[in-house]
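Colleague: This is data.txt (compact mmCIF, C-alpha atoms).
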```
# COMPACT_ATOMS: atom_id res chain seq x y z
CA MET A 16 12.39 -17.24 17.74
CA THR A 17 10.05 -14.42 18.81
CA THR A 18 7.38 -15.46 21.28
CA MET A 19 4.31 -13.64 22.46
CA THR A 20 4.49 -12.02 25.87
CA THR A 21 1.69 -13.19 28.10
CA GLN A 22 0.60 -11.01 31.00
CA TYR A 23 -2.46 -11.78 33.04
CA THR A 24 -4.94 -9.32 34.47
CA HIS A 25 -8.07 -10.01 36.45
CA GLU A 26 -10.06 -6.97 35.38
CA PRO A 27 -11.10 -6.28 31.75
CA ALA A 28 -8.91 -3.49 30.36
CA PHE A 29 -9.24 -2.42 26.73
CA LEU A 30 -6.48 -0.56 24.91
CA THR A 31 -6.93 1.80 21.97
CA GLY A 32 -3.35 2.55 21.08
CA ASP A 33 -3.60 6.09 22.41
CA GLU A 34 -1.08 5.02 25.00
CA TYR A 35 1.60 5.20 22.32
CA SER A 36 2.59 8.57 20.89
CA ILE A 37 5.04 8.60 17.98
CA PRO A 38 6.98 11.88 17.66
CA THR A 39 8.10 13.40 14.36
CA PHE A 40 11.86 13.50 13.88
CA SER A 41 12.99 16.85 12.49
CA LEU A 42 16.30 18.70 12.29
CA LEU A 43 15.82 21.58 9.88
CA GLY A 44 13.27 24.34 10.35
CA PRO A 45 11.33 25.93 7.47
CA ASP A 46 13.87 28.78 7.47
CA GLY A 47 16.74 26.42 6.75
CA GLN A 48 18.18 26.70 10.26
CA LEU A 49 18.80 23.72 12.52
CA TYR A 50 16.51 23.50 15.52
CA PRO A 51 18.19 24.23 18.89
CA GLY A 52 19.97 21.09 20.02
CA ALA A 53 19.64 19.40 16.61
CA GLN A 54 22.75 18.05 14.95
CA ALA A 55 23.03 17.66 11.19
CA PRO A 56 24.04 14.24 9.85
CA GLU A 57 27.49 13.76 8.40
CA LEU A 58 27.05 15.01 4.86
CA GLU A 59 29.91 16.01 2.59
CA ARG A 60 29.65 19.23 0.60
CA ASP A 61 29.75 17.45 -2.78
CA GLN A 62 26.97 15.04 -1.83
CA ALA A 63 24.87 17.89 -0.43
CA ARG A 64 25.23 19.71 -3.74
CA ARG A 65 24.33 16.53 -5.63
CA ILE A 66 21.21 16.14 -3.50
CA TYR A 67 20.18 19.75 -4.00
CA ARG A 68 20.79 19.61 -7.73
CA SER A 69 18.60 16.50 -7.90
CA MET A 70 15.81 18.28 -6.02
CA LEU A 71 15.97 21.28 -8.33
CA ALA A 72 16.20 19.13 -11.46
CA THR A 73 13.14 17.15 -10.37
CA ARG A 74 11.16 20.34 -9.68
CA ILE A 75 12.02 21.82 -13.08
CA LEU A 76 11.39 18.54 -14.93
CA ASP A 77 7.95 18.39 -13.33
CA GLU A 78 7.12 22.00 -14.19
CA ARG A 79 8.08 21.61 -17.84
CA MET A 80 6.44 18.23 -18.36
CA LEU A 81 3.15 19.27 -16.84
CA ALA A 82 3.21 22.24 -19.23
CA ALA A 83 3.93 19.81 -22.07
CA GLN A 84 0.92 17.73 -21.06
CA ARG A 85 -1.26 20.83 -21.05
CA GLN A 86 -0.01 21.60 -24.57
CA GLY A 87 -1.11 18.17 -25.75
CA ARG A 88 2.41 16.79 -26.18
CA LEU A 89 1.91 14.18 -23.44
CA SER A 90 -1.16 12.20 -22.50
CA PHE A 91 -0.45 12.09 -18.76
CA TYR A 92 1.98 13.24 -16.08
CA MET A 93 2.47 13.05 -12.29
CA GLN A 94 4.56 15.48 -10.26
CA CYS A 95 6.80 15.00 -7.24
CA THR A 96 6.42 18.67 -6.29
CA GLY A 97 6.48 19.20 -2.53
CA GLU A 98 7.81 15.71 -1.81
CA GLU A 99 11.34 16.03 -3.17
CA ALA A 100 12.99 15.83 0.25
CA ALA A 101 11.18 12.63 1.17
CA VAL A 102 12.10 10.89 -2.07
CA ILE A 103 15.62 12.17 -2.74
CA GLY A 104 16.65 12.21 0.91
CA ALA A 105 15.77 8.53 1.18
CA ALA A 106 17.51 7.61 -2.08
CA ALA A 107 20.66 9.48 -1.05
CA ALA A 108 20.91 7.46 2.17
CA LEU A 109 20.96 4.14 0.33
CA ASP A 110 23.79 2.27 -1.31
CA ASP A 111 23.56 2.70 -5.09
CA ALA A 112 23.14 -1.08 -5.45
CA ASP A 113 20.13 -1.22 -3.11
CA MET A 114 16.86 -1.88 -4.91
CA ILE A 115 14.21 0.84 -5.09
CA MET A 116 10.60 -0.13 -5.78
CA ALA A 117 8.62 3.02 -6.36
CA GLN A 118 4.94 3.87 -6.62
CA TYR A 119 4.70 6.58 -9.30
CA ARG A 120 5.85 9.88 -7.81
CA GLU A 121 9.50 9.08 -7.08
CA GLN A 122 11.28 10.30 -10.20
CA GLY A 123 13.58 12.26 -7.89
CA ALA A 124 15.23 9.00 -6.80
CA LEU A 125 16.06 8.27 -10.43
CA VAL A 126 17.41 11.79 -10.95
CA TYR A 127 19.68 11.32 -7.93
CA ARG A 128 20.97 7.98 -9.24
CA GLY A 129 21.82 9.45 -12.64
CA PHE A 130 18.83 8.77 -14.89
CA SER A 131 19.26 11.28 -17.70
CA PHE A 132 16.67 13.68 -19.08
CA ASP A 133 16.93 11.73 -22.34
CA GLU A 134 15.94 8.54 -20.52
CA PHE A 135 13.00 10.31 -18.88
CA MET A 136 11.80 11.77 -22.17
CA ASN A 137 12.14 8.52 -24.11
CA GLN A 138 9.81 6.85 -21.62
CA LEU A 139 7.38 9.75 -21.44
CA PHE A 140 7.01 9.85 -25.23
CA GLY A 141 7.23 6.07 -25.68
CA ASN A 142 9.68 6.34 -28.57
CA GLU A 143 12.06 3.74 -30.01
CA LEU A 144 14.62 4.32 -27.23
CA ASP A 145 12.13 3.77 -24.41
CA TYR A 146 13.31 0.84 -22.28
CA GLY A 147 9.69 -0.30 -22.02
CA LYS A 148 9.22 -0.14 -25.82
CA GLY A 149 6.23 2.14 -25.51
CA ARG A 150 4.17 -0.47 -23.68
CA GLN A 151 3.63 1.59 -20.51
CA MET A 152 1.84 4.86 -19.96
CA PRO A 153 4.00 7.92 -19.07
CA VAL A 154 5.87 8.11 -15.72
CA HIS A 155 6.25 4.33 -15.50
CA TYR A 156 10.04 4.42 -15.42
CA GLY A 157 12.48 1.62 -14.73
CA SER A 158 16.22 1.12 -14.87
CA ARG A 159 18.06 -2.15 -14.37
CA LYS A 160 21.46 -0.46 -14.22
CA LEU A 161 20.25 1.92 -11.50
CA HIS A 162 18.47 -0.79 -9.48
CA TYR A 163 15.07 0.87 -9.89
CA MET A 164 12.27 -1.61 -10.52
CA THR A 165 9.91 -0.66 -13.34
CA ILE A 166 6.77 1.00 -12.00
CA SER A 167 3.42 -0.71 -12.46
CA SER A 168 0.03 0.98 -12.30
CA PRO A 169 -1.88 -1.23 -9.81
CA LEU A 170 -1.66 0.41 -6.42
CA ALA A 171 0.55 -1.15 -3.72
CA THR A 172 1.68 -4.22 -5.69
CA GLN A 173 5.29 -3.15 -5.22
CA ILE A 174 5.07 -3.49 -1.41
CA PRO A 175 4.88 -7.30 -1.14
CA GLN A 176 7.25 -7.54 -4.11
CA ALA A 177 9.77 -5.54 -2.07
CA THR A 178 9.50 -8.05 0.77
CA GLY A 179 10.12 -10.91 -1.64
CA TYR A 180 13.06 -9.20 -3.29
CA ALA A 181 14.58 -8.38 0.11
CA TYR A 182 14.24 -12.03 1.11
CA GLY A 183 16.36 -12.87 -1.90
CA GLN A 184 18.91 -10.25 -0.84
CA LYS A 185 19.05 -11.84 2.61
CA LEU A 186 19.78 -15.23 1.06
CA ALA A 187 22.42 -13.73 -1.23
CA GLY A 188 24.16 -12.14 1.74
CA ASP A 189 25.68 -9.25 -0.23
CA GLY A 190 24.70 -6.59 2.28
CA GLN A 191 22.00 -4.93 0.18
CA CYS A 192 18.43 -3.95 1.05
CA THR A 193 15.26 -2.90 -0.72
CA LEU A 194 13.36 0.33 -0.15
CA THR A 195 9.79 0.63 -1.37
CA PHE A 196 7.91 3.91 -1.63
CA PHE A 197 4.13 4.23 -1.32
CA GLY A 198 1.55 6.73 -0.17
CA GLU A 199 -0.69 6.57 2.86
CA GLY A 200 -3.57 5.75 0.53
CA ALA A 201 -1.74 2.66 -0.72
CA ALA A 202 -1.27 1.63 2.91
CA SER A 203 -5.02 0.95 2.96
CA GLU A 204 -4.53 -1.90 0.49
CA GLY A 205 -4.29 -5.45 1.74
CA ASP A 206 -0.91 -5.78 0.04
CA PHE A 207 0.55 -3.41 2.64
CA HIS A 208 -0.42 -5.60 5.58
CA ALA A 209 0.59 -8.85 3.89
CA ALA A 210 3.99 -7.37 3.03
CA LEU A 211 4.74 -6.07 6.52
CA ASN A 212 3.71 -9.27 8.19
CA MET A 213 5.77 -11.41 5.83
CA ALA A 214 8.81 -9.12 6.22
CA ALA A 215 8.62 -9.24 10.01
CA VAL A 216 8.12 -13.00 10.19
CA HIS A 217 10.94 -13.80 7.77
CA GLU A 218 13.19 -10.98 9.00
CA VAL A 219 14.22 -9.45 5.68
CA PRO A 220 16.19 -6.26 4.92
CA VAL A 221 13.42 -4.03 3.59
CA ILE A 222 12.51 -0.42 4.32
CA PHE A 223 8.85 0.49 3.88
CA PHE A 224 8.79 4.21 3.13
CA CYS A 225 5.35 5.81 3.38
CA ARG A 226 4.96 9.28 1.92
CA ASN A 227 2.04 10.57 3.97
CA ASN A 228 1.10 13.57 1.85
CA GLY A 229 -2.36 13.99 3.32
CA TYR A 230 -4.48 12.83 0.39
CA ALA A 231 -5.23 9.61 -1.46
CA ILE A 232 -6.12 11.42 -4.68
CA SER A 233 -9.04 13.46 -3.28
CA THR A 234 -9.63 11.56 -0.04
CA PRO A 235 -8.06 13.29 2.98
CA ALA A 236 -6.21 11.22 5.56
CA VAL A 237 -8.86 11.89 8.18
CA GLU A 238 -11.33 9.93 6.04
CA GLN A 239 -8.89 7.07 5.37
CA PHE A 240 -8.08 5.90 8.91
CA ALA A 241 -8.94 6.72 12.49
CA ALA A 242 -5.52 5.95 13.98
CA ASP A 243 -2.55 8.31 14.35
CA GLY A 244 -1.24 7.93 10.83
CA ILE A 245 0.57 4.92 9.41
CA ALA A 246 3.50 4.60 11.83
CA PRO A 247 1.59 2.90 14.71
CA ARG A 248 0.77 -0.03 12.45
CA ALA A 249 4.37 -1.19 12.85
CA PHE A 250 3.61 -2.20 16.44
CA GLY A 251 1.21 -4.84 15.15
CA TYR A 252 4.10 -6.48 13.33
CA ARG A 253 6.75 -5.87 15.99
CA MET A 254 8.69 -3.75 13.53
CA HIS A 255 11.11 -0.84 13.93
CA VAL A 256 9.41 2.43 13.02
CA ILE A 257 10.15 6.14 12.83
CA ARG A 258 8.08 9.15 11.83
CA VAL A 259 10.00 11.93 10.13
CA ASP A 260 9.37 15.43 8.79
CA GLY A 261 9.18 14.59 5.10
CA ASN A 262 10.03 18.15 4.03
CA ASP A 263 13.27 18.11 6.03
CA ILE A 264 15.99 16.67 3.79
CA LEU A 265 18.46 16.23 6.65
CA ALA A 266 16.00 14.36 8.86
CA VAL A 267 14.89 12.06 6.03
CA TYR A 268 18.50 11.36 5.08
CA GLN A 269 19.55 10.50 8.63
CA ALA A 270 16.44 8.45 9.41
CA THR A 271 16.88 6.39 6.24
CA GLN A 272 20.58 5.92 6.94
CA LYS A 273 19.80 4.44 10.34
CA ALA A 274 16.92 2.39 8.94
CA ARG A 275 19.24 0.90 6.34
CA ARG A 276 21.71 -0.05 9.06
CA ILE A 277 18.97 -1.89 10.97
CA ALA A 278 17.78 -3.61 7.80
CA VAL A 279 21.17 -4.73 6.50
CA GLU A 280 23.06 -5.48 9.71
CA ASN A 281 20.20 -7.12 11.59
CA ASN A 282 17.95 -8.36 8.76
CA LYS A 283 15.05 -6.44 10.26
CA PRO A 284 12.35 -4.57 8.32
CA VAL A 285 11.74 -0.89 9.09
CA LEU A 286 8.73 1.36 8.52
CA ILE A 287 9.32 5.07 7.88
CA GLU A 288 6.40 7.48 7.74
CA ALA A 289 7.40 10.78 6.13
CA MET A 290 4.95 13.59 6.86
CA THR A 291 4.84 15.74 3.74
CA TYR A 292 2.40 17.39 1.33
CA ARG A 293 1.54 16.93 -2.31
CA SER A 294 1.80 20.53 -3.50
CA ALA A 295 0.69 19.63 -7.01
CA ALA A 296 -2.41 17.83 -8.19
CA HIS A 297 -2.57 14.06 -7.85
CA SER A 298 -1.93 13.86 -11.60
CA SER A 299 -2.49 15.91 -14.72
CA SER A 300 -6.05 14.52 -14.69
CA ASP A 301 -6.83 15.94 -11.24
CA ASP A 302 -8.02 19.34 -9.98
CA PRO A 303 -7.26 19.68 -6.24
CA SER A 304 -9.26 22.90 -5.92
CA GLY A 305 -12.34 20.72 -5.63
CA TYR A 306 -11.27 19.10 -2.36
CA ARG A 307 -8.71 21.27 -0.54
CA LEU A 308 -8.36 24.92 0.37
CA LYS A 309 -5.90 27.42 -1.09
CA LYS A 310 -5.00 28.46 2.44
CA GLU A 311 -3.85 24.93 3.23
CA GLU A 312 -1.68 24.85 0.11
CA GLU A 313 -0.15 28.23 0.97
CA GLU A 314 0.71 27.07 4.49
CA TRP A 315 2.58 24.08 3.11
CA ARG A 316 4.41 26.18 0.52
CA GLU A 317 6.06 27.94 3.44
CA LYS A 318 7.52 24.53 4.35
CA ASP A 319 8.79 23.95 0.81
CA PRO A 320 11.55 21.28 0.94
CA VAL A 321 13.59 22.72 -1.94
CA LEU A 322 13.68 26.21 -0.46
CA ARG A 323 14.46 24.77 2.97
CA MET A 324 17.53 22.93 1.70
CA LYS A 325 18.61 25.89 -0.42
CA ASN A 326 18.61 28.12 2.67
CA TRP A 327 20.58 25.53 4.62
CA MET A 328 23.11 25.30 1.77
CA LEU A 329 23.42 29.09 1.69
CA ASN A 330 24.00 29.13 5.44
CA GLN A 331 26.74 26.54 4.98
CA SER A 332 28.35 28.66 2.22
CA TRP A 333 27.94 25.59 -0.01
CA TRP A 334 25.71 27.40 -2.49
CA SER A 335 25.12 30.88 -3.86
CA GLU A 336 22.30 32.80 -5.53
CA GLU A 337 24.39 33.09 -8.68
CA GLU A 338 24.81 29.32 -8.85
CA GLU A 339 21.08 28.96 -8.28
CA LYS A 340 20.25 31.23 -11.21
CA GLN A 341 22.72 29.51 -13.54
CA LEU A 342 21.57 26.01 -12.62
CA GLN A 343 17.89 26.81 -13.06
CA GLU A 344 18.52 28.32 -16.48
CA SER A 345 20.68 25.43 -17.67
CA LEU A 346 18.23 22.79 -16.39
CA ARG A 347 15.26 24.46 -18.08
CA GLN A 348 17.18 24.67 -21.35
CA GLU A 349 18.31 21.06 -21.10
CA VAL A 350 14.78 19.80 -20.42
CA LEU A 351 13.40 21.75 -23.38
CA GLU A 352 16.08 20.55 -25.80
CA THR A 353 15.79 16.97 -24.61
CA MET A 354 12.02 17.01 -25.00
CA LYS A 355 12.30 18.20 -28.59
CA ARG A 356 14.73 15.39 -29.40
CA ALA A 357 12.54 12.75 -27.81
CA GLN A 358 9.43 13.91 -29.65
CA LYS A 359 11.13 13.59 -33.00
CA ARG A 360 12.28 10.03 -32.46
CA PRO A 361 10.05 7.41 -34.10
CA ALA A 362 7.88 5.03 -32.15
CA PRO A 363 9.16 1.52 -31.40
CA ALA A 364 8.95 -0.88 -34.33
CA LEU A 365 5.54 -2.52 -34.44
CA ASP A 366 6.98 -6.02 -34.10
CA THR A 367 8.22 -5.16 -30.58
CA LEU A 368 4.62 -5.72 -29.51
CA VAL A 369 5.21 -9.46 -29.77
CA SER A 370 8.95 -9.98 -30.31
CA ASP A 371 9.81 -10.73 -26.70
CA VAL A 372 6.52 -11.87 -25.22
CA TYR A 373 7.50 -15.51 -25.74
CA ALA A 374 10.84 -17.11 -26.63
CA GLU A 375 9.17 -18.00 -29.93
CA ILE A 376 6.05 -16.32 -31.26
CA THR A 377 3.12 -18.71 -30.97
CA PRO A 378 0.92 -19.38 -34.03
CA ALA A 379 -2.08 -17.74 -32.32
CA LEU A 380 -0.11 -14.62 -31.50
CA GLN A 381 1.30 -14.48 -35.03
CA ARG A 382 -2.22 -14.63 -36.49
CA GLN A 383 -3.33 -11.76 -34.27
CA PHE A 384 -0.28 -9.72 -35.23
CA ASP A 385 -0.90 -10.33 -38.94
CA GLN A 386 -4.51 -9.19 -38.51
CA LEU A 387 -3.26 -6.05 -36.76
CA LYS A 388 -0.89 -5.23 -39.61
CA THR A 389 -3.66 -5.73 -42.16
CA HIS A 390 -5.93 -3.40 -40.18
CA ILE A 391 -3.26 -0.70 -39.86
CA ARG A 392 -2.45 -0.81 -43.57
CA LYS A 393 -6.16 -0.45 -44.35
CA TYR A 394 -6.51 2.61 -42.09
CA PRO A 395 -3.05 4.25 -42.02
CA ASP A 396 -4.34 7.70 -41.11
CA ALA A 397 -5.88 6.32 -37.92
CA TYR A 398 -2.57 4.72 -36.86
CA PRO A 399 0.11 7.03 -38.30
CA ARG A 400 3.08 5.83 -36.27
CA GLY A 401 2.17 2.18 -36.68
CA ALA A 402 1.76 2.65 -40.42
CA GLN A 403 5.13 4.34 -40.69
CA SER A 404 6.72 1.56 -38.64
CA LEU A 405 5.36 -1.04 -41.06
CA ASP A 406 6.14 0.93 -44.22
CA PRO A 407 8.69 3.72 -43.61
CA ASP A 408 7.93 5.34 -46.98
CA VAL A 409 4.19 5.50 -46.40
CA SER A 410 2.61 8.94 -46.73
CA VAL A 411 0.33 9.57 -43.77
CA SER A 412 -1.34 12.94 -43.37
CA THR A 413 -1.60 12.90 -39.58
CA ILE A 414 1.89 11.79 -38.52
CA ASP A 415 3.03 14.12 -35.75
CA GLN A 416 6.80 14.33 -35.39
CA GLY A 417 6.66 16.81 -32.55
CA GLU A 418 7.44 19.91 -34.59
CA SER A 419 4.94 22.06 -32.65
```
Do you think you could lay out the structure here as structure tokens?

Modeller:
Amino acid sequence: MTTMTTQYTHEPAFLTGDEYSIPTFSLLGPDGQLYPGAQAPELERDQARRIYRSMLATRILDERMLAAQRQGRLSFYMQCTGEEAAVIGAAAALDDADMIMAQYREQGALVYRGFSFDEFMNQLFGNELDYGKGRQMPVHYGSRKLHYMTISSPLATQIPQATGYAYGQKLAGDGQCTLTFFGEGAASEGDFHAALNMAAVHEVPVIFFCRNNGYAISTPAVEQFAADGIAPRAFGYRMHVIRVDGNDILAVYQATQKARRIAVENNKPVLIEAMTYRSAAHSSSDDPSGYRLKKEEEEWREKDPVLRMKNWMLNQSWWSEEEEKQLQESLRQEVLETMKRAQKRPAPALDTLVSDVYAEITPALQRQFDQLKTHIRKYPDAYPRGAQSLDPDVSVSTIDQGES
């Protein structure tokens, strides 16, 4: 049992925390070269290529889907651009059976684990093959087979849920852990503090992974907290902590590897703060030009995590410019073809709105559903996909099958 250390002093002495300075762990410079004295983690060529392919696939998926949103094909989108190393480096360091609880910008972890472009598109367009049956807004992915908990919109709710899930993993004793992603803005929620305290007290195998990208939507970090980032908060919970260069794939990978070892072997929670930058807007609804300077964005582009790993791979002779060109072309083509397929698929059947809410549909819910069907049949042009779901042969003038 952990006990408090009591030391007595006879003069009042106040501490601010400035006595503790947390360094940033980094191995790979912006040019793709290891820093003098730095040693790369053990990483096989095939896994390095898998990691890099995942980073590139995530970047291209984001580019194409933001363009699709601008064309009116999607209602909403959020990019991982600039944070690929933080997300994919962490995912690569886990066991594939470890649980990931994401915020909403970690699609790269799904790419790494094998989530297909078809699965992404089905969710984004909410068609009949969407695992969530069209009930969630875009980018709220989830995959039971890949141990990736379905994303929910309320900020930071996944953090205490990760502690609870990890407690269950501790009881099961199968040697698995949970990693939860969140931004430094989410760390201002009460859920963050409750989760860390509970994890430390109950000693559960959970990794709290904070992507400190500098902005909580439009609020800069300097206006969010006065302390030196998020990492020092771990001291308040007597928790292992490390700060890492979030644009350095090798550093993130190694830090998460070691954090997982602490979590699984010792049943101790770990806090990782990855210092990175959100190169894109907060979402497709945001315009970052209103709150940050172009010069700042350009400075961070020079630290681009994808380019940094590419240069390291080239230096290792594990990659070539020809392979780069071929992969980019094939990924762009695959994303485009997959998007067209997903758009043409019909929406989920209307009865999926209620079919698995309860084991048996309640009379009150059935009455509401019947009223909905009556309303849709009365105004089919206002609800084209719903009308077609109810009556496949119905002629509706505004049904959009994604032919544009």

Colleague: Which residues, protein or nucleic acid, reach to within 12 Å of (2.8, 11.8, 1.1) in the file's coordinates when using only C-alpha atoms, and can you give that as a PyMOL selection string?

Modeller: chain A and resi 95-102+118-121+196-202+224-232+235-236+244-245+259-262+287-295+297

Colleague: Excluding Thr195 (chain A) and its own-chain neighbours fewer than 3 positions away, which residues fall within 10 Å of it when counting all atoms listed in the file? Please give them as a ChimeraX atom specification.

Modeller: /A:114-118,164,171,173-178,221-225,286

Colleague: Select, from A:Val267, A:Val372, A:Val285, A:Ala241, the residue with the minimum atom-to-atom distance to Thr193 (chain A), counting all atoms listed in the file.

Modeller: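 Using all atoms listed in the file, the shortest distance to Thr193 (chain A) belongs to A:Val285.
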
Colleague: I'd like the neighbourhood of Asn281 (chain A) as JSON, numbers by chain, where a residue qualifies if any of its atoms comes within 9 Å (using only C-alpha atoms), though same-chain residues fewer than 5 positions away should be ignored.

Modeller: {"A": [218, 219, 220, 276]}

Colleague: Grab the CA of Asp110 (chain A) to CA of Arg258 (chain A) distance for me, in Å with one decimal place.

Modeller: 21.6 Å

Colleague: Give me the residues near Gly129 (chain A) as a ChimeraX atom specification, where near means some atom within 10 Å (using only C-alpha atoms) and where sequence neighbours in that chain fewer than 5 positions away do not count.

Modeller: /A:69,123-124,134,161

Colleague: What's the 9 Å shell around region 83-93 of chain A, counting only C-alpha atoms, without same-chain residues fewer than 6 positions away, as a list in words?

Modeller: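 The residues that qualify are Asp77, Tyr119, Arg120, Leu139, Phe140, Met152, Pro153, Val154, Ala295, Ala296, His297, Ser298, Ser299, Ser300, Gln358, Gly417 and Ser419 of chain A.
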
Colleague: Quick one: residues within 12 Å of Phe384 (chain A), all atoms listed in the file counted, chain neighbours fewer than 5 positions away excluded, as a list in words?

Modeller: Leu365, Asp366, Thr367, Leu368, Val369, Ser370, Ile376, Thr377, Pro378, Ala379, Thr389, His390, Ile391 and Leu405 of chain A

Colleague: Distance CA of Ala214 (chain A)-CA of Pro284 (chain A), one decimal place?

Modeller: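 CA of Pro284 (chain A) lies at a distance of 6.1 Å from CA of Ala214 (chain A).
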
Colleague: By how many Å are CA of Arg68 (chain A) and CA of Ala108 (chain A) apart?

Modeller: 15.7 Å

Colleague: Check the smallest atom-to-atom distance from each of A:Arg356, A:Lys185, A:Lys393, A:His208 to Met136 (chain A) using all atoms listed in the file, then report the winner.

Modeller: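 Of A:Arg356, A:Lys185, A:Lys393, A:His208, the one nearest Met136 (chain A), counting all atoms listed in the file, is A:Arg356.
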
Colleague: Please determine, counting only C-alpha atoms, which residue among A:Thr234, A:Gln386, A:Asn282, A:Ser131 has the shortest atom-to-atom distance to Leu186 (chain A).

Modeller: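 Smallest separation from Leu186 (chain A) among the options: A:Asn282.
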
Colleague: Measuring between all atoms listed in the file, which one of A:Tyr127, A:Trp327, A:Tyr35, A:Trp334 shows the shortest distance to Pro247 (chain A)?

Modeller: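 Once distances to Pro247 (chain A) are computed over all atoms listed in the file, the minimum belongs to A:Tyr35.
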
Colleague: Return the single residue from A:Glu280, A:Val216, A:Lys388, A:Glu337 that is closest to Met254 (chain A), with distances computed using only C-alpha atoms.

Modeller: A:Val216

Colleague: May I ask which of the residues A:Phe240, A:Tyr50, A:Phe130, A:Tyr398 is the closest one to Ala362 (chain A), counting all atoms listed in the file?

Modeller: A:Tyr398

Colleague: Can you report as JSON the centre and edge lengths in Å, to one decimal, of an axis-aligned box around the listed atoms of region 279-298 of chain A padded with 4 Å on each side?

Modeller:
```
{"center_x": 10.2, "center_y": 6.1, "center_z": 0.0, "size_x": 33.6, "size_y": 36.9, "size_z": 31.2}
```
